[in-house]
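Colleague: The structure follows.
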Amino acid sequence: MTDGAEGGLSEFARRWASALAWTSYVPMNRGERLAALAGFAERLATSLLAEPFSEKPGWEVGAGLVKSAFAAPEALGATIQLIDEHLLTLAGIDPADPDARARVARLLGALATGYSWALRDRTLDEQEAIQAAALKARDQAERALRESESRFRHAALHDPLTGMPNRALFTDRLDEIFRTAGPDARIALCFLDLDSFKAVNDSLGHHVGDKLLVAVAERLTRLAAAMGHVAARVGGDEFILLIEETAGAEDAIKAAEAALEAFDEPFRMDGNTLPMTVSIGIVERAIAYTDPAELLRAADITLHWAKSDGKSRWSLFDPGRNEREVARYALRAAMPAALDRDEFGLVYQPIVGLAERTLDGVEALARWRHPELGVLGPDRFIALAEDSGLIVPLGLRLLEKACVEAARWYATHPHAPYVSVNLAMPQIRHPRLLSDVASVLNQTGLPPGKLQLEITENALMAEEFETLMRLRDLADLGVRLAIDDFGTGYSNLANLRTLPLHGLKLAGQFVDDPDAAFLRILVDLGHTYGLTVTAEGVETREQADILRAVGCEAGQGYYLGYPTDPDTIASLLGR
Amino acid sequence: MTRPDWVPEGIDTAQPSAARIYDYWLGGTHNFAVDREIARAVTDAAPDAALIMQANRAFLRRAVSFLIDQGVRQFLDLGSGIPTLGNVHEVAQKGAPDAKVMYVDIDPVAVAHSRQILAGNPHATVIREDLRHVDAVLDHPDVRGTLDLDRPVAVLMMAVLHFVPDADDPGRLVARFRDRIVPGSWLALSHGTQDGMTREAAEIGSDLFNRTSTPFVSRTLAQTRALFDGFDLVEPGIVWSVQWRPEHPDEVGDRPERSAAYVGVGAKR
């Protein structure tokens, strides 16, 4: 190199840096950049003087430039120009020396080659890296999408409170089982409903109620997992155990028993000890003979049986019971129309004075002349009417009919029998009872004393002031009041004394009493309160004799007279 | 932001990305054809584009070196982009090997690439987050695991706030970061501007960036200065990027406005 090569070298580096400025970003400070370029310049200059000459340093410097991030195409052009013009001078060689110029040309050729290779490799590497990053990012995005979809799916199919499968997932699963089941496969559902859950919510708050549900869910989930069943929460406090591949109802009953046991231990939360029970409806069927909707309906029905049978128990679906209930439901639904069509009527059973065998009275007994089922007795429909509330208009209609007949008898026979009509609780509770009875008596002209109203013991149990007042008002009208089926229900005996009653009717089971001891007590009890005692279910002469012997005033039963139509009663009067 | 959190965005490499376009102008090849197409079109309209980006990157280097000299050992680089040459952790850890660097970017490809680059570096981490979600950024477990917000931290917002529209109130955004860092912490930012450009060049540049997922918003010197509310700017205040503590007068050039970005570094009071 020439004298002052140091100065020449740094000047060369400064020019080089200036030529490369803004061609690409180089992550070095100015000093580092100048030093790097000075280093490259020195290697190139030194190589020109080397013997034997090799262009390899040119290749290395070209690659080194790229490696140092002087990697713009403009950087290569500027570098070639600078080296071609100034390197020989920097190296202290005559720029006109043809051999030296040839060496510079070879050096530059190698530099361009090395630069290009390095740039090509770097480009490929970076492209691979960015492609890989893009793929990875896409993978992550897709995975996130899948996870969010599965999270969404999970959220759609699970109950957020307990994390249990919800009704949607349960229904999906049930449908799938029905779709894929073999011809002989059987399945069972245990439909669980907490008893008195509402009371927990109402008394301790939804906060505790929710915690209780979570705790219940945990127990049921654990139980289901242990038994290989599926547990789902299908409503507020409703859960279902899905039992696949049952061999028979026993498998389902086993699961239901286990579920009941799971409630043996009370639940403890927030310092409260909550003893809980559960009612369970079980249905177990061959898949081929049912469908998911029917299965669920059956389980639901059975659950209500378990509830109405007293809760904290399981109940197994019984097709017979179901048919009866369906028939009852159909009957109940048909009653309003039947009332409109006047299908309800009365038959009259004699109430006979035992001393003289006189026709003291008749009990009006309801009949439904059903167009398809024939004549139905009160046991088939009165409870349904009470349930639906139809008993009030129905009872009034029957009362009218009874009074019309009794008035007809009375018109021809002043000693005609009283007519005894049953009153159901809803009728007694109804505020219009008094005015209805008064207006029927008024319209028919029947003297109040010829009407007896039979009420059950349970009506006396009710300490409802209103009800008792209403009975007193009826008595004030002059209507006879009798307690029906005395001795079979619960009586508040105090009311026997305070209410203006006229009679007691003893249920048939007491008449059957062979030693008559209890019968005597009941008759004496009636007499103690000044009541006339009538025995029902008198079927034999012996029974009639015993009754008379213990002082029972009247009797009613097949021995004394079958229920019959009003004309027959009238003809009895004429005798 | 109507998208619920659980719906992830897709990765669309057919959509140009500001981070990869920036890489192209720095001389990198971490970019795709869609990015280069935009970059070339911008360069046609504004030939200084590459200079602008390189000047910005050089400012980043000088600012980080300055902060290291001030004793800062924690860096939060918001909108870090493609980890091309001269990353914050390279600059910072050269001066202080234990310097902690937290990168944040919204671009999933940039983040995935950063993760490749940073594998094995215990002091530098990246998360994907929108810097507009200040609390999500600062409360991210990786951020809490990397940075101690009870000690001074340098918040870097390099060439990123011009992608935040006025509707998202960049001033408020900076203030929310400011309010969660301790006094003695730092803010270093650069903000693109079209103050020094012809209207035509400015419009073409804006139009082209509007094709990326992050449209460009130019702001003035005063607007850039206002971002430093609550910070004491160090000398020389808010200047063109090439003018900020240059290493040599030659580096500034005759027309510093060509760098088209206002920059500044300030310490929280």
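Each chain in the structure tokens gets a letter, A, B, ..., in the order shown, and its residues are numbered from 1; ligands are numbered from 1 in order too.
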Taking only C-alpha atoms into account, find every residue of chain B that has an atom no more than 9 Å from chain A, and write it out as a ChimeraX atom specification.
Modeller: /B:6-13,25-32,50-51,53-55,57-58,61-62,85-87,91,108-116,247-248,250-251
Colleague: Print the selection's residues with C-alpha atoms to a file, as a compact mmCIF listing (two decimals), in the first residue's frame.
Modeller:
# COMPACT_ATOMS: atom_id res chain seq x y z
CA TRP B 6 -63.13 -16.00 21.03
CA VAL B 7 -63.29 -15.56 17.27
CA PRO B 8 -59.72 -15.48 16.01
CA GLU B 9 -58.78 -13.57 12.92
CA GLY B 10 -57.66 -15.49 9.89
CA ILE B 11 -54.22 -15.26 8.40
CA ASP B 12 -54.39 -13.77 4.98
CA THR B 13 -51.04 -13.55 3.25
CA TRP B 25 -37.61 -1.06 2.43
CA LEU B 26 -34.97 -1.86 5.00
CA GLY B 27 -33.50 -4.22 2.40
CA GLY B 28 -34.94 -7.39 3.85
CA THR B 29 -36.56 -10.24 1.99
CA HIS B 30 -38.99 -11.26 4.74
CA ASN B 31 -41.88 -10.27 2.55
CA PHE B 32 -44.35 -11.51 -0.02
CA ALA B 50 -36.58 3.35 1.64
CA LEU B 51 -34.60 6.25 3.08
CA MET B 53 -37.65 3.56 6.81
CA GLN B 54 -33.90 3.19 7.12
CA ALA B 55 -33.65 6.55 8.87
CA ARG B 57 -34.54 2.19 11.95
CA ALA B 58 -31.33 4.11 12.54
CA ARG B 61 -30.83 2.07 17.12
CA ARG B 62 -29.58 5.41 18.42
CA LEU B 85 -31.81 -6.63 11.31
CA GLY B 86 -31.08 -4.37 14.23
CA ASN B 87 -33.82 -5.48 16.59
CA VAL B 91 -28.98 -3.29 20.18
CA PRO B 108 -49.60 -12.73 13.51
CA VAL B 109 -46.93 -13.51 10.91
CA ALA B 110 -44.58 -10.95 12.43
CA VAL B 111 -45.20 -12.46 15.84
CA ALA B 112 -44.67 -16.02 14.63
CA HIS B 113 -41.41 -14.96 13.00
CA SER B 114 -40.32 -13.07 16.10
CA ARG B 115 -40.93 -16.18 18.12
CA GLN B 116 -38.58 -18.15 15.82
CA GLU B 247 -23.45 10.01 14.98
CA HIS B 248 -21.88 12.33 12.41
CA ASP B 250 -22.81 13.57 7.34
CA GLU B 251 -25.59 11.29 8.49
Colleague: Any chance you could list, as number ranges by chain, the residues in stretch 15-263 of chain B that come up strand (DSSP E) when DSSP is run on the backbone?
Modeller: B: 74-78, 100-105, 124-128, 154-158, 186-192, 231-233, 239-240, 261-263
Colleague: Near B:Val104, within 12 Å and counting only C-alpha atoms, which residues show up once chain neighbours fewer than 4 positions away are dropped, as JSON, numbers by chain?
Modeller: {"B": [75, 76, 77, 78, 79, 80, 81, 82, 83, 88, 108, 110, 111, 112, 114, 115, 124, 125, 126, 127, 128, 129, 130, 131, 132, 133, 134, 136, 137, 138, 140, 142, 143, 155, 156, 157, 158, 160]}
Colleague: Atoms to include: N, CA and C atoms. Write the selected residues as a CSV table (one decimal), in the first residue's frame.
Modeller:
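And here is the file that came out, again07.csv:
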chain,number,residue,atom,x,y,z
B,75,PHE,N,-37.3,-2.8,28.1
B,75,PHE,CA,-37.9,-2.2,26.9
B,75,PHE,C,-39.2,-2.8,26.5
B,76,LEU,N,-40.2,-2.0,26.2
B,76,LEU,CA,-41.5,-2.5,25.7
B,76,LEU,C,-41.6,-1.9,24.3
B,77,ASP,N,-41.4,-2.8,23.3
B,77,ASP,CA,-41.4,-2.3,21.9
B,77,ASP,C,-42.8,-2.6,21.3
B,78,LEU,N,-43.6,-1.6,21.2
B,78,LEU,CA,-45.0,-1.7,20.7
B,78,LEU,C,-45.0,-1.6,19.2
B,79,GLY,N,-45.5,-2.5,18.5
B,79,GLY,CA,-45.5,-2.5,17.1
B,79,GLY,C,-44.2,-2.8,16.5
B,80,SER,N,-43.6,-3.9,17.0
B,80,SER,CA,-42.2,-4.3,16.7
B,80,SER,C,-42.0,-4.7,15.3
B,81,GLY,N,-43.1,-5.3,14.7
B,81,GLY,CA,-43.0,-5.7,13.3
B,81,GLY,C,-42.1,-6.9,13.1
B,82,ILE,N,-41.7,-7.1,11.8
B,82,ILE,CA,-40.8,-8.2,11.4
B,82,ILE,C,-39.5,-8.0,12.1
B,83,PRO,N,-39.0,-9.0,12.8
B,83,PRO,CA,-37.7,-8.8,13.4
B,83,PRO,C,-36.6,-8.9,12.4
B,88,VAL,N,-34.4,-4.4,18.6
B,88,VAL,CA,-34.2,-3.8,19.9
B,88,VAL,C,-33.3,-4.6,20.8
B,108,PRO,N,-49.9,-11.4,13.0
B,108,PRO,CA,-49.6,-12.7,13.5
B,108,PRO,C,-48.4,-13.3,12.8
B,110,ALA,N,-45.7,-11.6,11.8
B,110,ALA,CA,-44.6,-10.9,12.4
B,110,ALA,C,-44.3,-11.6,13.8
B,111,VAL,N,-45.4,-11.9,14.5
B,111,VAL,CA,-45.2,-12.5,15.8
B,111,VAL,C,-44.6,-13.9,15.7
B,112,ALA,N,-45.2,-14.6,14.8
B,112,ALA,CA,-44.7,-16.0,14.6
B,112,ALA,C,-43.2,-16.0,14.3
B,114,SER,N,-41.1,-13.5,14.9
B,114,SER,CA,-40.3,-13.1,16.1
B,114,SER,C,-40.1,-14.2,17.1
B,115,ARG,N,-41.1,-15.1,17.2
B,115,ARG,CA,-40.9,-16.2,18.1
B,115,ARG,C,-39.8,-17.1,17.7
B,124,ALA,N,-35.8,-11.9,26.0
B,124,ALA,CA,-36.6,-11.2,25.0
B,124,ALA,C,-37.8,-12.1,24.7
B,125,THR,N,-39.0,-11.5,24.6
B,125,THR,CA,-40.2,-12.3,24.4
B,125,THR,C,-41.1,-11.5,23.5
B,126,VAL,N,-42.1,-12.2,22.8
B,126,VAL,CA,-43.0,-11.5,22.0
B,126,VAL,C,-44.4,-12.0,22.3
B,127,ILE,N,-45.4,-11.0,22.2
B,127,ILE,CA,-46.8,-11.4,22.3
B,127,ILE,C,-47.5,-10.8,21.2
B,128,ARG,N,-48.6,-11.4,20.8
B,128,ARG,CA,-49.5,-10.8,19.8
B,128,ARG,C,-50.6,-10.1,20.5
B,129,GLU,N,-50.6,-8.8,20.4
B,129,GLU,CA,-51.7,-8.0,21.0
B,129,GLU,C,-51.8,-6.7,20.2
B,130,ASP,N,-53.0,-6.2,20.3
B,130,ASP,CA,-53.3,-4.9,19.8
B,130,ASP,C,-52.8,-3.8,20.8
B,131,LEU,N,-51.9,-2.9,20.4
B,131,LEU,CA,-51.3,-2.0,21.4
B,131,LEU,C,-52.4,-1.1,21.9
B,132,ARG,N,-53.6,-1.0,21.2
B,132,ARG,CA,-54.7,-0.2,21.7
B,132,ARG,C,-55.3,-0.8,23.0
B,133,HIS,N,-55.0,-2.1,23.2
B,133,HIS,CA,-55.5,-2.7,24.4
B,133,HIS,C,-54.5,-2.6,25.5
B,134,VAL,N,-54.4,-1.4,26.1
B,134,VAL,CA,-53.3,-1.1,27.0
B,134,VAL,C,-53.2,-2.1,28.1
B,136,ALA,N,-54.6,-5.1,28.4
B,136,ALA,CA,-54.3,-6.4,27.9
B,136,ALA,C,-52.8,-6.6,27.7
B,137,VAL,N,-52.2,-5.6,27.1
B,137,VAL,CA,-50.7,-5.7,26.9
B,137,VAL,C,-50.0,-5.8,28.3
B,138,LEU,N,-50.3,-4.8,29.1
B,138,LEU,CA,-49.5,-4.7,30.4
B,138,LEU,C,-49.8,-5.8,31.4
B,140,HIS,N,-50.6,-8.8,30.4
B,140,HIS,CA,-50.3,-10.2,29.8
B,140,HIS,C,-49.3,-10.9,30.6
B,142,ASP,N,-47.0,-12.9,29.9
B,142,ASP,CA,-45.6,-12.9,29.4
B,142,ASP,C,-45.0,-11.5,29.7
B,143,VAL,N,-45.8,-10.5,29.6
B,143,VAL,CA,-45.3,-9.1,29.9
B,143,VAL,C,-44.9,-9.0,31.3
B,155,VAL,N,-40.8,2.7,26.9
B,155,VAL,CA,-41.8,2.3,25.9
B,155,VAL,C,-41.5,2.8,24.6
B,156,LEU,N,-41.3,1.9,23.6
B,156,LEU,CA,-41.0,2.3,22.3
B,156,LEU,C,-42.2,2.2,21.3
B,157,MET,N,-42.5,3.3,20.6
B,157,MET,CA,-43.6,3.3,19.7
B,157,MET,C,-43.0,3.8,18.4
B,158,MET,N,-42.3,2.9,17.7
B,158,MET,CA,-41.6,3.3,16.5
B,158,MET,C,-42.4,3.1,15.3
B,160,VAL,N,-45.4,3.5,14.5
B,160,VAL,CA,-46.6,2.7,14.7
B,160,VAL,C,-47.8,3.5,15.0
Colleague: Do a neighbour search on stretch 239-246 of chain B at 8 Å with only C-alpha atoms, toss out local chain neighbours closer than 2 positions, and write the hits as a VMD selection string.
Modeller: chain B and resid 55 to 56 58 to 59 62 190 236 to 237 248 to 249 251 to 252 256 to 257 259 to 264
Colleague: Could you save the residues just selected, with N, CA and C atoms, as a PDB file, in the first residue's frame?
Modeller:
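Saved the output as selection.pdb:
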ATOM      1  N   ALA B  55     -33.929   5.481   7.902  1.00  0.00           N
ATOM      2  CA  ALA B  55     -33.646   6.548   8.870  1.00  0.00           C
ATOM      3  C   ALA B  55     -34.382   6.268  10.176  1.00  0.00           C
ATOM      4  N   ASN B  56     -35.579   5.742  10.037  1.00  0.00           N
ATOM      5  CA  ASN B  56     -36.364   5.423  11.236  1.00  0.00           C
ATOM      6  C   ASN B  56     -35.683   4.318  12.039  1.00  0.00           C
ATOM      7  N   ALA B  58     -32.565   3.587  11.959  1.00  0.00           N
ATOM      8  CA  ALA B  58     -31.325   4.110  12.544  1.00  0.00           C
ATOM      9  C   ALA B  58     -31.644   4.911  13.807  1.00  0.00           C
ATOM     10  N   PHE B  59     -32.768   5.617  13.780  1.00  0.00           N
ATOM     11  CA  PHE B  59     -33.177   6.348  14.986  1.00  0.00           C
ATOM     12  C   PHE B  59     -33.462   5.372  16.124  1.00  0.00           C
ATOM     13  N   ARG B  62     -30.211   4.364  17.595  1.00  0.00           N
ATOM     14  CA  ARG B  62     -29.576   5.412  18.420  1.00  0.00           C
ATOM     15  C   ARG B  62     -30.361   5.637  19.710  1.00  0.00           C
ATOM     16  N   SER B 190     -41.389   7.432  17.066  1.00  0.00           N
ATOM     17  CA  SER B 190     -41.268   8.122  15.786  1.00  0.00           C
ATOM     18  C   SER B 190     -42.642   8.075  15.138  1.00  0.00           C
ATOM     19  N   PRO B 236     -32.550  16.543  21.205  1.00  0.00           N
ATOM     20  CA  PRO B 236     -32.939  17.889  20.743  1.00  0.00           C
ATOM     21  C   PRO B 236     -34.448  18.089  20.635  1.00  0.00           C
ATOM     22  N   GLY B 237     -35.243  17.405  21.440  1.00  0.00           N
ATOM     23  CA  GLY B 237     -36.705  17.577  21.364  1.00  0.00           C
ATOM     24  C   GLY B 237     -37.295  16.767  20.216  1.00  0.00           C
ATOM     25  N   HIS B 248     -22.811  11.527  13.194  1.00  0.00           N
ATOM     26  CA  HIS B 248     -21.876  12.329  12.407  1.00  0.00           C
ATOM     27  C   HIS B 248     -22.699  13.305  11.587  1.00  0.00           C
ATOM     28  N   PRO B 249     -22.203  14.521  11.402  1.00  0.00           N
ATOM     29  CA  PRO B 249     -22.986  15.494  10.618  1.00  0.00           C
ATOM     30  C   PRO B 249     -23.354  14.959   9.225  1.00  0.00           C
ATOM     31  N   GLU B 251     -24.434  12.186   8.456  1.00  0.00           N
ATOM     32  CA  GLU B 251     -25.591  11.292   8.492  1.00  0.00           C
ATOM     33  C   GLU B 251     -26.902  12.080   8.323  1.00  0.00           C
ATOM     34  N   VAL B 252     -26.870  13.360   8.641  1.00  0.00           N
ATOM     35  CA  VAL B 252     -28.100  14.152   8.617  1.00  0.00           C
ATOM     36  C   VAL B 252     -28.513  14.488   7.181  1.00  0.00           C
ATOM     37  N   PRO B 256     -33.107  17.087   5.819  1.00  0.00           N
ATOM     38  CA  PRO B 256     -33.540  16.130   6.837  1.00  0.00           C
ATOM     39  C   PRO B 256     -35.037  15.824   6.748  1.00  0.00           C
ATOM     40  N   GLU B 257     -35.841  16.726   6.179  1.00  0.00           N
ATOM     41  CA  GLU B 257     -37.279  16.483   6.075  1.00  0.00           C
ATOM     42  C   GLU B 257     -37.581  15.285   5.191  1.00  0.00           C
ATOM     43  N   SER B 259     -36.595  12.447   5.671  1.00  0.00           N
ATOM     44  CA  SER B 259     -36.817  11.270   6.527  1.00  0.00           C
ATOM     45  C   SER B 259     -38.278  11.158   6.966  1.00  0.00           C
ATOM     46  N   ALA B 260     -39.045  12.212   6.761  1.00  0.00           N
ATOM     47  CA  ALA B 260     -40.511  12.178   6.830  1.00  0.00           C
ATOM     48  C   ALA B 260     -41.077  11.595   8.123  1.00  0.00           C
ATOM     49  N   ALA B 261     -40.319  11.705   9.206  1.00  0.00           N
ATOM     50  CA  ALA B 261     -40.852  11.239  10.486  1.00  0.00           C
ATOM     51  C   ALA B 261     -40.344  12.150  11.585  1.00  0.00           C
ATOM     52  N   TYR B 262     -41.246  12.508  12.503  1.00  0.00           N
ATOM     53  CA  TYR B 262     -40.850  13.241  13.690  1.00  0.00           C
ATOM     54  C   TYR B 262     -40.539  12.226  14.787  1.00  0.00           C
ATOM     55  N   VAL B 263     -39.458  12.513  15.495  1.00  0.00           N
ATOM     56  CA  VAL B 263     -39.079  11.581  16.550  1.00  0.00           C
ATOM     57  C   VAL B 263     -38.771  12.345  17.828  1.00  0.00           C
ATOM     58  N   GLY B 264     -38.797  11.624  18.926  1.00  0.00           N
ATOM     59  CA  GLY B 264     -38.423  12.224  20.186  1.00  0.00           C
ATOM     60  C   GLY B 264     -38.248  11.159  21.252  1.00  0.00           C
TER      61      GLY B 264
END
Colleague: Per DSSP on the backbone, filter stretch 401-480 of chain A down to the residues in helix (DSSP H, G or I) and report them as a PyMOL selection string.
Modeller: chain A and resi 401-412+425-429+433-444+448-450+457-461+465-477
Colleague: What does the structure give for the distance between atom CA of A:Gly271 and atom CA of A:Ala215, in Å to one decimal?
Modeller: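 Computing it gives 14.3 Å between the two atoms.
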Colleague: Provide the atom CA of B:Asp23 to atom CA of B:Leu189 distance in Å, to one decimal place.
Modeller: 18.3 Å
Colleague: Mind checking which residues fall within 7 Å of B:Val174, counting only C-alpha atoms, ignoring those fewer than 4 positions away in the same chain, and posting them as a list in words?
Modeller: Pro170, Arg178 and Leu227 of chain B
Colleague: Write the residues of the preceding selection, restricted to N, CA and C atoms, as an mmCIF file, in the first residue's frame.
Modeller:
data_model
loop_
_atom_site.group_PDB
_atom_site.id
_atom_site.type_symbol
_atom_site.label_atom_id
_atom_site.label_comp_id
_atom_site.auth_asym_id
_atom_site.auth_seq_id
_atom_site.Cartn_x
_atom_site.Cartn_y
_atom_site.Cartn_z
ATOM 1 N N PRO B 170 -54.686 8.451 19.723
ATOM 2 C CA PRO B 170 -53.318 8.013 20.063
ATOM 3 C C PRO B 170 -52.767 8.725 21.298
ATOM 4 N N ARG B 178 -48.393 5.719 29.802
ATOM 5 C CA ARG B 178 -47.645 6.587 30.720
ATOM 6 C C ARG B 178 -48.114 6.389 32.158
ATOM 7 N N LEU B 227 -47.977 14.186 22.028
ATOM 8 C CA LEU B 227 -47.960 12.795 22.497
ATOM 9 C C LEU B 227 -47.066 12.638 23.719
#
Colleague: Env of A:Glu325: 12 Å cut, atoms = only C-alpha atoms, seq-sep filter 5 positions within chain, self excluded. Answer as a PyMOL selection string.
Modeller: chain A and resi 301-302+304-305+318-320+330-332+380+384
